[in-house]
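This report concerns only the one structure given below.
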Amino acid sequence: MKHFFHKGKDINQPTFLLLHGTGGTETDLLPVAGMIDDSASVLGVRGNVSENGMPRFFRRLAEGVFDEEDLIFRTRELNEFIDQAAVRHGFDRDNVIAIGYSNGANIAASLLFHYEHALGGAILFHPMVPRRGMDLPNLTGTPVFIGAGTNDPICKPEETKELAERLERAGASVDIGWENFGHQLTHSEVQKAAAWYARLFKGELK
């Protein structure tokens, strides 16, 4: 998968896995990663699917309707890529935190839904429930932050709450940061994610 890796100043900090939204690139979320922890290593990945020339991480049949077969295949592809990248770039595979927006948040959520040890945690901005009617792996203690909009027309509040409940039932520890905005990624929700991260991963109060 097309990607870049930047080794951070502190190798003991998690490696951020950056997963862009539809039409984005592997560098889109670099400023977001810098706001959350500028000392962490960063692995930015570009989706392997093209929709009208726009990179995505998996196909969809319509707005909000996922191609489940492709989602399952692409989730496995991404999980295996992270395994390979950890060996190639020398980061701790067990200390990877996904930062995803929209389509990228959905593929990150799918990693959590399908693989027990895929992620050490996740920051999901405006995600949807990736799949229904399946049992999740054991996610006990896995920290997840969800950034959501109370009037998001794509990821409605009910969807956010359902995703949080599914993750919590599997053992994950979920925090939701609500914003009174739509589907866009806002500076204030990134700040909330940064405070969450500092408290959980660096023992700081922001």
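Labels for the structure tokens follow display order: chains A, B, ..., residues from 1 in each chain, ligands from 1.
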Go through range 6-40 of chain A and flag each residue having an atom no more than 12 Å from range 67-79 of chain A; for those, report the closest pair of atoms plus their distance in Å to one decimal, using only C-alpha atoms, ordered by chain and rising number, as JSON lines.
```
{"residue": "A:Leu17", "atom": "CA", "partner": "A:Leu78", "partner_atom": "CA", "distance": 10.6}
{"residue": "A:Leu18", "atom": "CA", "partner": "A:Leu78", "partner_atom": "CA", "distance": 11.8}
{"residue": "A:Leu19", "atom": "CA", "partner": "A:Leu78", "partner_atom": "CA", "distance": 10.5}
```
Output file for the selection above: C-alpha atoms, as a PDB file, in the first residue's frame:
```
ATOM      1  CA  LEU A  17      -1.695   4.920  11.829  1.00  0.00           C
ATOM      2  CA  LEU A  18      -3.197   7.724   9.712  1.00  0.00           C
ATOM      3  CA  LEU A  19      -6.271   6.783   7.657  1.00  0.00           C
TER       4      LEU A  19
END
```
Spatial neighbours of Leu185 in chain A, max dist 8 Å, only C-alpha atoms, sep filter under 2 positions, as a PyMOL selection string: chain A and resi 101+125-126+183+187+189-190
C-alpha atoms of the current selection, written as a PDB file, in the first residue's frame:
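Done, and the output landed in out18.pdb:
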```
ATOM      1  CA  TYR A 101     -11.512  10.314   9.547  1.00  0.00           C
ATOM      2  CA  PHE A 125     -13.516  10.945  13.681  1.00  0.00           C
ATOM      3  CA  HIS A 126     -17.080  10.549  12.321  1.00  0.00           C
ATOM      4  CA  HIS A 183     -19.461  15.773   9.141  1.00  0.00           C
ATOM      5  CA  HIS A 187     -10.143  21.888  15.410  1.00  0.00           C
ATOM      6  CA  GLU A 189     -12.716  17.861  18.295  1.00  0.00           C
ATOM      7  CA  VAL A 190      -9.038  17.279  17.549  1.00  0.00           C
TER       8      VAL A 190
END
```
Minimum-distance residue to Glu165 in chain A, chosen among A:Ala193, A:Ser39, A:Gly104, A:Val129 (using only C-alpha atoms): A:Val129
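Straight-line separation from CA of Tyr115 in chain A to CA of Gly23 in chain A: 26.0 Å.
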Å distance separating CA of Trp196 in chain A from CA of Asp94 in chain A, one decimal place: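 If I compute the distance from CA of Trp196 in chain A to CA of Asp94 in chain A, I get 19.7 Å.
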Given only C-alpha atoms as the counted atoms, nearest of A:Tyr197, A:Pro137, A:Gly121, A:Asn106 to Leu163 in chain A: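 Using only C-alpha atoms, Leu163 in chain A sits closest to A:Asn106.
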Expected answer as a ChimeraX atom specification: strand (DSSP E or B) residues in range 9-196 of chain A: /A:15-19,41-45,49-51,54-56,60-62,65-66,96-101,121-125,143-149,173-179
Residues of range 48-129 of chain A in helix (DSSP H, G or I), written as a ChimeraX atom specification: /A:68-89,103-114
Limited to N, CA, C and O atoms, could you put the picked residues into a file as a compact mmCIF listing (two decimals), in the first residue's frame?
```txt
# COMPACT_ATOMS: atom_id res chain seq x y z
N GLU A 68 -19.71 -5.15 1.76
CA GLU A 68 -19.16 -5.91 2.89
C GLU A 68 -18.06 -6.87 2.47
O GLU A 68 -17.07 -7.03 3.18
N GLU A 69 -18.21 -7.50 1.32
CA GLU A 69 -17.18 -8.44 0.86
C GLU A 69 -15.85 -7.71 0.67
O GLU A 69 -14.79 -8.19 1.08
N ASP A 70 -15.92 -6.52 0.04
CA ASP A 70 -14.70 -5.76 -0.17
C ASP A 70 -14.16 -5.21 1.15
O ASP A 70 -12.94 -5.17 1.37
N LEU A 71 -15.07 -4.79 2.05
CA LEU A 71 -14.65 -4.31 3.36
C LEU A 71 -13.86 -5.37 4.11
O LEU A 71 -12.79 -5.08 4.68
N ILE A 72 -14.34 -6.60 4.10
CA ILE A 72 -13.65 -7.69 4.80
C ILE A 72 -12.27 -7.92 4.17
O ILE A 72 -11.26 -8.05 4.88
N PHE A 73 -12.22 -7.94 2.84
CA PHE A 73 -10.94 -8.15 2.13
C PHE A 73 -9.96 -7.03 2.42
O PHE A 73 -8.78 -7.27 2.72
N ARG A 74 -10.44 -5.79 2.34
CA ARG A 74 -9.54 -4.63 2.54
C ARG A 74 -9.09 -4.50 3.99
O ARG A 74 -7.98 -4.03 4.26
N THR A 75 -9.94 -4.90 4.91
CA THR A 75 -9.55 -4.88 6.32
C THR A 75 -8.41 -5.86 6.57
O THR A 75 -7.44 -5.54 7.26
N ARG A 76 -8.53 -7.04 6.01
CA ARG A 76 -7.46 -8.03 6.13
C ARG A 76 -6.18 -7.52 5.45
O ARG A 76 -5.08 -7.65 6.00
N GLU A 77 -6.34 -6.91 4.28
CA GLU A 77 -5.19 -6.36 3.56
C GLU A 77 -4.46 -5.31 4.40
O GLU A 77 -3.22 -5.31 4.48
N LEU A 78 -5.22 -4.43 5.03
CA LEU A 78 -4.61 -3.38 5.85
C LEU A 78 -3.94 -3.97 7.08
O LEU A 78 -2.83 -3.57 7.45
N ASN A 79 -4.60 -4.92 7.73
CA ASN A 79 -4.01 -5.55 8.91
C ASN A 79 -2.68 -6.22 8.57
O ASN A 79 -1.69 -6.08 9.31
N GLU A 80 -2.64 -6.92 7.44
CA GLU A 80 -1.40 -7.58 7.03
C GLU A 80 -0.34 -6.55 6.64
O GLU A 80 0.86 -6.76 6.91
N PHE A 81 -0.79 -5.43 6.04
CA PHE A 81 0.18 -4.39 5.70
C PHE A 81 0.83 -3.81 6.95
O PHE A 81 2.04 -3.55 6.97
N ILE A 82 0.04 -3.58 8.00
CA ILE A 82 0.61 -3.04 9.25
C ILE A 82 1.63 -4.02 9.82
O ILE A 82 2.70 -3.61 10.29
N ASP A 83 1.31 -5.32 9.76
CA ASP A 83 2.28 -6.33 10.20
C ASP A 83 3.61 -6.17 9.45
O ASP A 83 4.69 -6.17 10.06
N GLN A 84 3.52 -6.05 8.14
CA GLN A 84 4.72 -5.93 7.31
C GLN A 84 5.46 -4.62 7.57
O GLN A 84 6.69 -4.59 7.62
N ALA A 85 4.69 -3.54 7.71
CA ALA A 85 5.31 -2.22 7.93
C ALA A 85 6.05 -2.17 9.26
O ALA A 85 7.10 -1.52 9.37
N ALA A 86 5.52 -2.86 10.28
CA ALA A 86 6.18 -2.87 11.59
C ALA A 86 7.56 -3.50 11.48
O ALA A 86 8.53 -3.02 12.09
N VAL A 87 7.67 -4.58 10.69
CA VAL A 87 8.97 -5.23 10.48
C VAL A 87 9.88 -4.34 9.66
O VAL A 87 11.06 -4.13 9.99
N ARG A 88 9.33 -3.78 8.58
CA ARG A 88 10.14 -2.96 7.66
C ARG A 88 10.66 -1.69 8.33
O ARG A 88 11.83 -1.30 8.14
N HIS A 89 9.81 -1.03 9.12
CA HIS A 89 10.18 0.27 9.69
C HIS A 89 10.60 0.19 11.15
O HIS A 89 11.05 1.19 11.71
N ASN A 103 -14.17 7.73 6.01
CA ASN A 103 -13.85 6.42 5.46
C ASN A 103 -12.67 5.77 6.17
O ASN A 103 -12.66 4.55 6.40
N GLY A 104 -11.68 6.56 6.54
CA GLY A 104 -10.54 6.03 7.29
C GLY A 104 -10.92 5.57 8.68
O GLY A 104 -10.39 4.58 9.19
N ALA A 105 -11.87 6.30 9.32
CA ALA A 105 -12.37 5.87 10.62
C ALA A 105 -13.15 4.57 10.50
O ALA A 105 -13.11 3.72 11.39
N ASN A 106 -13.85 4.40 9.39
CA ASN A 106 -14.62 3.18 9.18
C ASN A 106 -13.72 1.96 9.02
O ASN A 106 -14.02 0.89 9.55
N ILE A 107 -12.62 2.10 8.29
CA ILE A 107 -11.72 0.96 8.13
C ILE A 107 -11.00 0.67 9.45
O ILE A 107 -10.73 -0.48 9.79
N ALA A 108 -10.72 1.71 10.23
CA ALA A 108 -10.12 1.51 11.55
C ALA A 108 -11.09 0.77 12.47
O ALA A 108 -10.71 -0.16 13.19
N ALA A 109 -12.36 1.18 12.45
CA ALA A 109 -13.38 0.48 13.23
C ALA A 109 -13.50 -0.97 12.78
O ALA A 109 -13.68 -1.88 13.60
N SER A 110 -13.37 -1.20 11.48
CA SER A 110 -13.43 -2.56 10.95
C SER A 110 -12.26 -3.40 11.45
O SER A 110 -12.43 -4.60 11.71
N LEU A 111 -11.09 -2.81 11.59
CA LEU A 111 -9.96 -3.53 12.19
C LEU A 111 -10.31 -3.99 13.60
O LEU A 111 -10.03 -5.14 13.98
N LEU A 112 -10.95 -3.11 14.37
CA LEU A 112 -11.35 -3.48 15.73
C LEU A 112 -12.41 -4.58 15.72
O LEU A 112 -12.41 -5.47 16.57
N PHE A 113 -13.32 -4.52 14.75
CA PHE A 113 -14.40 -5.49 14.65
C PHE A 113 -13.90 -6.88 14.27
O PHE A 113 -14.52 -7.88 14.64
N HIS A 114 -12.80 -6.94 13.51
CA HIS A 114 -12.37 -8.22 12.94
C HIS A 114 -11.13 -8.84 13.59
O HIS A 114 -10.97 -10.07 13.50
```
